[in-house]
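Quick notes on the structure that follows.
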Amino acid sequence: MKPNDIKAALFDTIQAMTDYKWFFSSRPGIDNTRNRKFPFQKILASVLAFKGGTLNHEIMDFFGLDPSVGTASAFIQQRAKILPEAFETLFLHFTSQIDTQKLFQSFRLLAVDGSDLQIAANPNDPDSFYPGANGQKSYNLLHINAMYDLLQCIYLDAIIQKSRNWNEHRALTDMVDRSDIGKALLLADRGYESYNNLAHIQEKGWSFLIRIKDNTTGITSGLSLPNKDEFDIPFHLMLTRKQTNNVKELLKDKNHYKFIPSNVHFDFLPHNSRRKDPVTFYELRFRIVRFPISDTSCETIITNLDEKQFPLPEIKKLYAMRWGIETSFRHLKHTLGLLHLHAKKVEFVYQEIFAKLTMYNFCELITQSVVIQQGKRKHNYKVNFSDSAHICFEFFLGKVPPPNVEALLMKFISPIRPGRSDTRKPAQKAAFSFTYRVA
């Protein structure tokens, strides 16, 4: 898609929502019914355009340096009249308009992962509040669960949970169940290891490729696996919640039968059953693949991909592609400024999270529309996402005419150096104070 088409799709979505603004108002029939200095459609667009400055600076950047522009207080009052679900709808509808469905051997390549977001302390929200310990300041914590298209490099879905009651497994199954994608391969890391997750993906008609634990606490603990650094073993596992005498005999064959206790969540077997009820089994087919990644460590993967079509070398390559969602979180937080929130109220924070997801897709697709002539260079080159995001935001605001967008993007390119690696240094990122913002 051309930059103009992508921008038109976004503004068409805003206009379509404006036509039904009562549906997205906190008090339908009362809110957003009169002409204001900050009308419904302008609030939507201005929150999308938020960067890292103070709220007053954001208003001046979007509405211009005009003394007649409303105050930050008026902006907040109008913003409070819009439901957080409005920005989720904006994100989902815009994404559906620009989704081009790129395929890898007939599969959509999807990744699911989660990322924490620390926000300003609010003791009145106990589901996300942490009082702090060992001299740390108190804070609130949200968890963003996202589904990401690895070939288009865009977010397709997201669920936000408060950290004290977050559940990545439930978020994954909800996103899988409500997706309208016909055939997909879902890639995920160890946090998503669960028979229930595998069953939901299988019932959807999708394939999965998930890294699992290789110890006594995960799926591998209940199976008989060879003590080797590399293998590829198919499994045809029958799951049940019953333990009759006959079933107990079957359960001795660990690689074909598995008992699921009542305290383990599994949606495709009766949770409770009477003694006279017949034994019910759920059939799950998969492969477990292990391969070395260094002299001292191995990775273990569970997948239902066909062994002939996807041998071990292909499994390695596919799992490596999952890293795209990790990179996207970094761009979302640092490049697009999700860490620089403009509110303490969790409803407003939800608005900004979905606004950033929308603008990430907007910037990524415009960046991809640029074709770089590689020429005779040592490395292949790509558009620098940090620079391109700034240009795309200016394009969204109408400050860059369409003919100049691609020329500007092609000016800011950086080499692609594959194979580089560095030890991850994860650290909790605190919310930025409202007092200290860029000018």
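Scheme for the structure tokens: letters A, B, ... for chains in order shown; per-chain residue numbers from 1; ligand numbers from 1 in order shown.
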
For the contact check between range 212-257 of chain A and range 277-294 of chain A, emit one row per residue of range 212-257 of chain A within 8 Å, containing the shortest atom pair and the distance in Å rounded to one decimal, counting only C-alpha atoms, chain then rising number order, as JSON lines.
```
{"residue": "A:Asp229", "atom": "CA", "partner": "A:Phe291", "partner_atom": "CA", "distance": 5.8}
{"residue": "A:Glu230", "atom": "CA", "partner": "A:Phe291", "partner_atom": "CA", "distance": 4.4}
{"residue": "A:Phe231", "atom": "CA", "partner": "A:Arg290", "partner_atom": "CA", "distance": 5.4}
{"residue": "A:Asp232", "atom": "CA", "partner": "A:Val289", "partner_atom": "CA", "distance": 4.4}
{"residue": "A:Ile233", "atom": "CA", "partner": "A:Ile288", "partner_atom": "CA", "distance": 5.4}
{"residue": "A:Pro234", "atom": "CA", "partner": "A:Arg287", "partner_atom": "CA", "distance": 4.2}
{"residue": "A:Phe235", "atom": "CA", "partner": "A:Phe286", "partner_atom": "CA", "distance": 5.4}
{"residue": "A:His236", "atom": "CA", "partner": "A:Arg285", "partner_atom": "CA", "distance": 4.7}
{"residue": "A:Leu237", "atom": "CA", "partner": "A:Leu284", "partner_atom": "CA", "distance": 5.2}
{"residue": "A:Met238", "atom": "CA", "partner": "A:Glu283", "partner_atom": "CA", "distance": 4.7}
{"residue": "A:Leu239", "atom": "CA", "partner": "A:Tyr282", "partner_atom": "CA", "distance": 5.0}
{"residue": "A:Thr240", "atom": "CA", "partner": "A:Phe281", "partner_atom": "CA", "distance": 4.8}
{"residue": "A:Arg241", "atom": "CA", "partner": "A:Thr280", "partner_atom": "CA", "distance": 7.6}
{"residue": "A:Lys242", "atom": "CA", "partner": "A:Val279", "partner_atom": "CA", "distance": 6.1}
```

Q: Give me the residues within 10 Å of Pro403 in chain A as a PyMOL selection string, counting only C-alpha atoms and dropping any in the same chain fewer than 4 places off.
A: chain A and resi 3-4+407-408

**Q.** Long-range neighbours of Glu352 in chain A as number ranges by chain, 9 Å cut-off, only C-alpha atoms, 6 positions minimum in chain
**A.** A: 47-48, 50, 84, 87, 338, 341-343

Q | Atom pair CA of Arg79 in chain A / CA of Leu332 in chain A: separation (Å) | A | 22.4 Å

Q: Enter the distance from CA of Ile82 in chain A to CA of Gly70 in chain A, in Å, rounded to one decimal.
A: 17.4 Å

Q: Could you find all residues in range 135-179 of chain A that DSSP calls helix (DSSP H, G or I) from the backbone, and write them as number ranges by chain?
A: A: 163-165, 168-178

Those same residues - N, CA and C atoms - I'd like them written as a CSV table (one decimal), in the first residue's frame.
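Okay, part-v8.csv is ready:
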```
chain,number,residue,atom,x,y,z
A,163,SER,N,-1.9,-6.3,36.4
A,163,SER,CA,-0.9,-7.3,36.7
A,163,SER,C,-1.3,-8.2,37.8
A,164,ARG,N,-2.1,-7.8,38.8
A,164,ARG,CA,-2.4,-8.7,39.9
A,164,ARG,C,-3.4,-9.8,39.5
A,165,ASN,N,-4.0,-9.6,38.4
A,165,ASN,CA,-4.9,-10.7,37.9
A,165,ASN,C,-4.7,-11.1,36.5
A,168,GLU,N,-1.8,-14.8,31.0
A,168,GLU,CA,-1.3,-14.8,29.6
A,168,GLU,C,-2.0,-16.0,28.8
A,169,HIS,N,-2.2,-17.1,29.5
A,169,HIS,CA,-2.9,-18.2,28.9
A,169,HIS,C,-4.3,-17.9,28.4
A,170,ARG,N,-5.1,-17.3,29.3
A,170,ARG,CA,-6.4,-16.9,28.9
A,170,ARG,C,-6.4,-15.8,27.8
A,171,ALA,N,-5.4,-14.9,27.8
A,171,ALA,CA,-5.3,-13.9,26.8
A,171,ALA,C,-5.0,-14.5,25.4
A,172,LEU,N,-4.1,-15.5,25.4
A,172,LEU,CA,-3.8,-16.2,24.2
A,172,LEU,C,-5.0,-16.9,23.6
A,173,THR,N,-5.7,-17.7,24.4
A,173,THR,CA,-6.9,-18.4,23.9
A,173,THR,C,-8.0,-17.5,23.5
A,174,ASP,N,-8.2,-16.3,24.1
A,174,ASP,CA,-9.2,-15.4,23.7
A,174,ASP,C,-8.8,-14.8,22.3
A,175,MET,N,-7.5,-14.4,22.2
A,175,MET,CA,-7.1,-13.9,20.9
A,175,MET,C,-7.2,-14.9,19.7
A,176,VAL,N,-6.9,-16.1,20.1
A,176,VAL,CA,-7.0,-17.2,19.0
A,176,VAL,C,-8.4,-17.4,18.7
A,177,ASP,N,-9.3,-17.6,19.7
A,177,ASP,CA,-10.7,-17.9,19.4
A,177,ASP,C,-11.4,-16.8,18.6
A,178,ARG,N,-11.1,-15.6,18.9
A,178,ARG,CA,-11.9,-14.5,18.2
A,178,ARG,C,-11.3,-14.0,16.9
```

Q: Might you pull out every residue within 10 Å of range 19-25 of chain A, with only C-alpha atoms counted and same-chain residues fewer than 6 positions away left off, and present them as a ChimeraX atom specification?
A: /A:13,31-33,40-41,79-87,89

Assign secondary structure with DSSP using the backbone only, and return the residues of range 191-287 of chain A in strand (DSSP E or B) as a short mmCIF file (atom, residue, chain, number, x, y, z; two decimals) with all heavy atoms, in the first residue's frame.
```
data_model
loop_
_atom_site.label_atom_id
_atom_site.label_comp_id
_atom_site.auth_asym_id
_atom_site.auth_seq_id
_atom_site.Cartn_x
_atom_site.Cartn_y
_atom_site.Cartn_z
N SER A 207 -1.71 -24.09 13.30
CA SER A 207 -0.54 -24.83 13.75
C SER A 207 0.16 -24.02 14.84
O SER A 207 -0.02 -22.81 14.94
CB SER A 207 0.42 -25.10 12.59
OG SER A 207 -0.19 -25.91 11.60
N PHE A 208 0.96 -24.71 15.64
CA PHE A 208 1.68 -24.02 16.72
C PHE A 208 3.14 -24.43 16.72
O PHE A 208 3.51 -25.52 16.27
CB PHE A 208 1.04 -24.30 18.08
CG PHE A 208 0.85 -25.75 18.40
CD1 PHE A 208 1.89 -26.55 18.87
CD2 PHE A 208 -0.41 -26.35 18.24
CE1 PHE A 208 1.70 -27.88 19.17
CE2 PHE A 208 -0.62 -27.69 18.54
CZ PHE A 208 0.45 -28.46 19.00
N LEU A 209 3.98 -23.54 17.23
CA LEU A 209 5.41 -23.79 17.41
C LEU A 209 5.81 -23.01 18.66
O LEU A 209 5.95 -21.79 18.61
CB LEU A 209 6.20 -23.36 16.18
CG LEU A 209 7.65 -23.85 16.07
CD1 LEU A 209 8.10 -23.86 14.61
CD2 LEU A 209 8.61 -23.00 16.89
N ILE A 210 5.94 -23.72 19.78
CA ILE A 210 6.12 -23.07 21.07
C ILE A 210 7.34 -23.65 21.78
O ILE A 210 7.49 -24.87 21.86
CB ILE A 210 4.86 -23.25 21.96
CG1 ILE A 210 3.63 -22.66 21.25
CG2 ILE A 210 5.05 -22.62 23.33
CD1 ILE A 210 2.32 -22.91 21.97
N ARG A 211 8.17 -22.78 22.28
CA ARG A 211 9.31 -23.25 23.09
C ARG A 211 8.79 -23.69 24.46
O ARG A 211 7.97 -22.99 25.07
CB ARG A 211 10.35 -22.15 23.26
CG ARG A 211 11.57 -22.60 24.05
CD ARG A 211 12.72 -21.62 23.94
NE ARG A 211 12.49 -20.38 24.65
CZ ARG A 211 13.42 -19.73 25.36
NH1 ARG A 211 14.63 -20.24 25.47
NH2 ARG A 211 13.15 -18.60 25.94
N PHE A 231 16.69 -34.44 18.89
CA PHE A 231 15.74 -35.47 18.47
C PHE A 231 14.49 -34.79 17.93
O PHE A 231 14.27 -33.59 18.10
CB PHE A 231 15.39 -36.43 19.62
CG PHE A 231 14.78 -35.78 20.84
CD1 PHE A 231 13.47 -35.34 20.84
CD2 PHE A 231 15.54 -35.62 21.99
CE1 PHE A 231 12.90 -34.77 21.96
CE2 PHE A 231 14.98 -35.04 23.13
CZ PHE A 231 13.66 -34.60 23.10
N ASP A 232 13.65 -35.58 17.28
CA ASP A 232 12.38 -35.12 16.72
C ASP A 232 11.40 -36.29 16.82
O ASP A 232 11.47 -37.23 16.05
CB ASP A 232 12.59 -34.69 15.26
CG ASP A 232 11.33 -34.08 14.64
OD1 ASP A 232 10.24 -34.18 15.26
OD2 ASP A 232 11.43 -33.48 13.55
N ILE A 233 10.49 -36.22 17.82
CA ILE A 233 9.62 -37.36 18.13
C ILE A 233 8.16 -36.95 17.99
O ILE A 233 7.73 -35.95 18.59
CB ILE A 233 9.88 -37.86 19.56
CG1 ILE A 233 11.34 -38.27 19.72
CG2 ILE A 233 8.96 -39.03 19.90
CD1 ILE A 233 11.71 -38.68 21.12
N PRO A 234 7.36 -37.72 17.22
CA PRO A 234 5.92 -37.44 17.12
C PRO A 234 5.15 -38.04 18.30
O PRO A 234 5.53 -39.09 18.83
CB PRO A 234 5.53 -38.11 15.80
CG PRO A 234 6.50 -39.24 15.67
CD PRO A 234 7.79 -38.79 16.31
N PHE A 235 4.07 -37.38 18.69
CA PHE A 235 3.23 -37.86 19.79
C PHE A 235 1.76 -37.82 19.37
O PHE A 235 1.32 -36.89 18.69
CB PHE A 235 3.41 -37.00 21.05
CG PHE A 235 4.72 -37.22 21.75
CD1 PHE A 235 5.85 -36.52 21.37
CD2 PHE A 235 4.82 -38.13 22.78
CE1 PHE A 235 7.07 -36.71 22.01
CE2 PHE A 235 6.03 -38.34 23.44
CZ PHE A 235 7.16 -37.63 23.04
N HIS A 236 1.04 -38.83 19.81
CA HIS A 236 -0.40 -38.89 19.65
C HIS A 236 -0.95 -39.11 21.05
O HIS A 236 -1.05 -40.25 21.53
CB HIS A 236 -0.78 -40.02 18.69
CG HIS A 236 -2.26 -40.18 18.51
ND1 HIS A 236 -2.83 -41.29 17.93
CD2 HIS A 236 -3.29 -39.39 18.84
CE1 HIS A 236 -4.13 -41.17 17.90
NE2 HIS A 236 -4.44 -40.02 18.47
N LEU A 237 -1.31 -38.02 21.73
CA LEU A 237 -1.61 -38.06 23.15
C LEU A 237 -3.12 -37.98 23.38
O LEU A 237 -3.80 -37.14 22.79
CB LEU A 237 -0.91 -36.90 23.86
CG LEU A 237 -0.71 -37.00 25.37
CD1 LEU A 237 0.16 -38.20 25.72
CD2 LEU A 237 -0.04 -35.72 25.89
N MET A 238 -3.62 -38.85 24.25
CA MET A 238 -5.03 -38.85 24.63
C MET A 238 -5.14 -38.30 26.05
O MET A 238 -4.59 -38.88 26.99
CB MET A 238 -5.59 -40.27 24.55
CG MET A 238 -5.41 -40.94 23.19
SD MET A 238 -6.29 -40.10 21.86
CE MET A 238 -7.99 -40.48 22.28
N LEU A 239 -5.86 -37.20 26.20
CA LEU A 239 -6.01 -36.55 27.50
C LEU A 239 -7.36 -36.92 28.11
O LEU A 239 -8.37 -37.02 27.41
CB LEU A 239 -5.93 -35.03 27.34
CG LEU A 239 -4.75 -34.47 26.55
CD1 LEU A 239 -4.84 -32.95 26.47
CD2 LEU A 239 -3.42 -34.89 27.17
N THR A 240 -7.39 -37.10 29.42
CA THR A 240 -8.64 -37.44 30.11
C THR A 240 -8.61 -36.92 31.54
O THR A 240 -7.52 -36.70 32.10
CB THR A 240 -8.88 -38.96 30.12
OG1 THR A 240 -10.14 -39.23 30.71
CG2 THR A 240 -7.79 -39.68 30.89
N TYR A 257 -1.04 -41.50 26.79
CA TYR A 257 -2.18 -41.14 27.64
C TYR A 257 -1.71 -40.19 28.73
O TYR A 257 -0.62 -40.34 29.29
CB TYR A 257 -2.81 -42.38 28.25
CG TYR A 257 -3.47 -43.28 27.22
CD1 TYR A 257 -2.75 -44.31 26.61
CD2 TYR A 257 -4.80 -43.08 26.85
CE1 TYR A 257 -3.33 -45.12 25.65
CE2 TYR A 257 -5.39 -43.89 25.89
CZ TYR A 257 -4.66 -44.90 25.31
OH TYR A 257 -5.24 -45.70 24.35
N LYS A 258 -2.58 -39.23 29.04
CA LYS A 258 -2.22 -38.22 30.03
C LYS A 258 -3.45 -37.87 30.87
O LYS A 258 -4.52 -37.59 30.33
CB LYS A 258 -1.70 -36.96 29.33
CG LYS A 258 -1.45 -35.77 30.24
CD LYS A 258 -0.23 -35.99 31.11
CE LYS A 258 0.05 -34.77 31.99
NZ LYS A 258 1.21 -34.97 32.88
N PHE A 259 -3.30 -37.89 32.19
CA PHE A 259 -4.38 -37.51 33.10
C PHE A 259 -4.29 -36.00 33.38
O PHE A 259 -3.23 -35.48 33.72
CB PHE A 259 -4.29 -38.29 34.40
CG PHE A 259 -5.24 -37.82 35.46
CD1 PHE A 259 -6.61 -38.01 35.31
CD2 PHE A 259 -4.77 -37.18 36.60
CE1 PHE A 259 -7.50 -37.57 36.29
CE2 PHE A 259 -5.65 -36.75 37.58
CZ PHE A 259 -7.01 -36.93 37.42
N TYR A 282 -9.56 -36.49 24.97
CA TYR A 282 -9.30 -35.44 23.96
C TYR A 282 -7.99 -35.78 23.27
O TYR A 282 -6.97 -36.02 23.92
CB TYR A 282 -9.20 -34.05 24.60
CG TYR A 282 -8.98 -32.98 23.56
CD1 TYR A 282 -10.05 -32.43 22.87
CD2 TYR A 282 -7.68 -32.54 23.24
CE1 TYR A 282 -9.85 -31.47 21.89
CE2 TYR A 282 -7.47 -31.58 22.26
CZ TYR A 282 -8.56 -31.05 21.59
OH TYR A 282 -8.36 -30.11 20.61
N GLU A 283 -8.03 -35.80 21.94
CA GLU A 283 -6.88 -36.23 21.15
C GLU A 283 -6.03 -35.02 20.75
O GLU A 283 -6.53 -34.05 20.19
CB GLU A 283 -7.37 -36.95 19.90
CG GLU A 283 -6.26 -37.47 19.00
CD GLU A 283 -6.81 -38.18 17.77
OE1 GLU A 283 -8.05 -38.30 17.66
OE2 GLU A 283 -6.00 -38.61 16.94
N LEU A 284 -4.75 -35.09 21.06
CA LEU A 284 -3.82 -34.01 20.75
C LEU A 284 -2.61 -34.59 20.04
O LEU A 284 -1.96 -35.52 20.54
CB LEU A 284 -3.39 -33.30 22.05
CG LEU A 284 -2.70 -31.95 21.94
CD1 LEU A 284 -3.60 -30.92 21.27
CD2 LEU A 284 -2.29 -31.45 23.32
N ARG A 285 -2.31 -34.05 18.86
CA ARG A 285 -1.16 -34.53 18.08
C ARG A 285 -0.10 -33.44 18.00
O ARG A 285 -0.42 -32.28 17.75
CB ARG A 285 -1.59 -34.93 16.66
CG ARG A 285 -2.53 -36.14 16.62
CD ARG A 285 -2.96 -36.44 15.20
NE ARG A 285 -3.82 -37.62 15.11
CZ ARG A 285 -3.38 -38.85 14.93
NH1 ARG A 285 -2.07 -39.07 14.79
NH2 ARG A 285 -4.22 -39.87 14.85
N PHE A 286 1.15 -33.83 18.20
CA PHE A 286 2.25 -32.86 18.14
C PHE A 286 3.58 -33.58 18.01
O PHE A 286 3.66 -34.82 18.11
CB PHE A 286 2.24 -31.96 19.39
CG PHE A 286 2.29 -32.71 20.69
CD1 PHE A 286 3.51 -33.12 21.25
CD2 PHE A 286 1.12 -33.01 21.39
CE1 PHE A 286 3.56 -33.80 22.45
CE2 PHE A 286 1.16 -33.69 22.60
CZ PHE A 286 2.38 -34.09 23.13
N ARG A 287 4.61 -32.80 17.79
CA ARG A 287 5.99 -33.28 17.80
C ARG A 287 6.75 -32.52 18.88
O ARG A 287 6.45 -31.35 19.15
CB ARG A 287 6.71 -33.00 16.48
CG ARG A 287 6.13 -33.64 15.26
CD ARG A 287 6.51 -32.87 14.00
NE ARG A 287 7.94 -32.69 13.80
CZ ARG A 287 8.47 -31.80 12.95
NH1 ARG A 287 7.68 -31.02 12.22
NH2 ARG A 287 9.76 -31.69 12.82
#
```
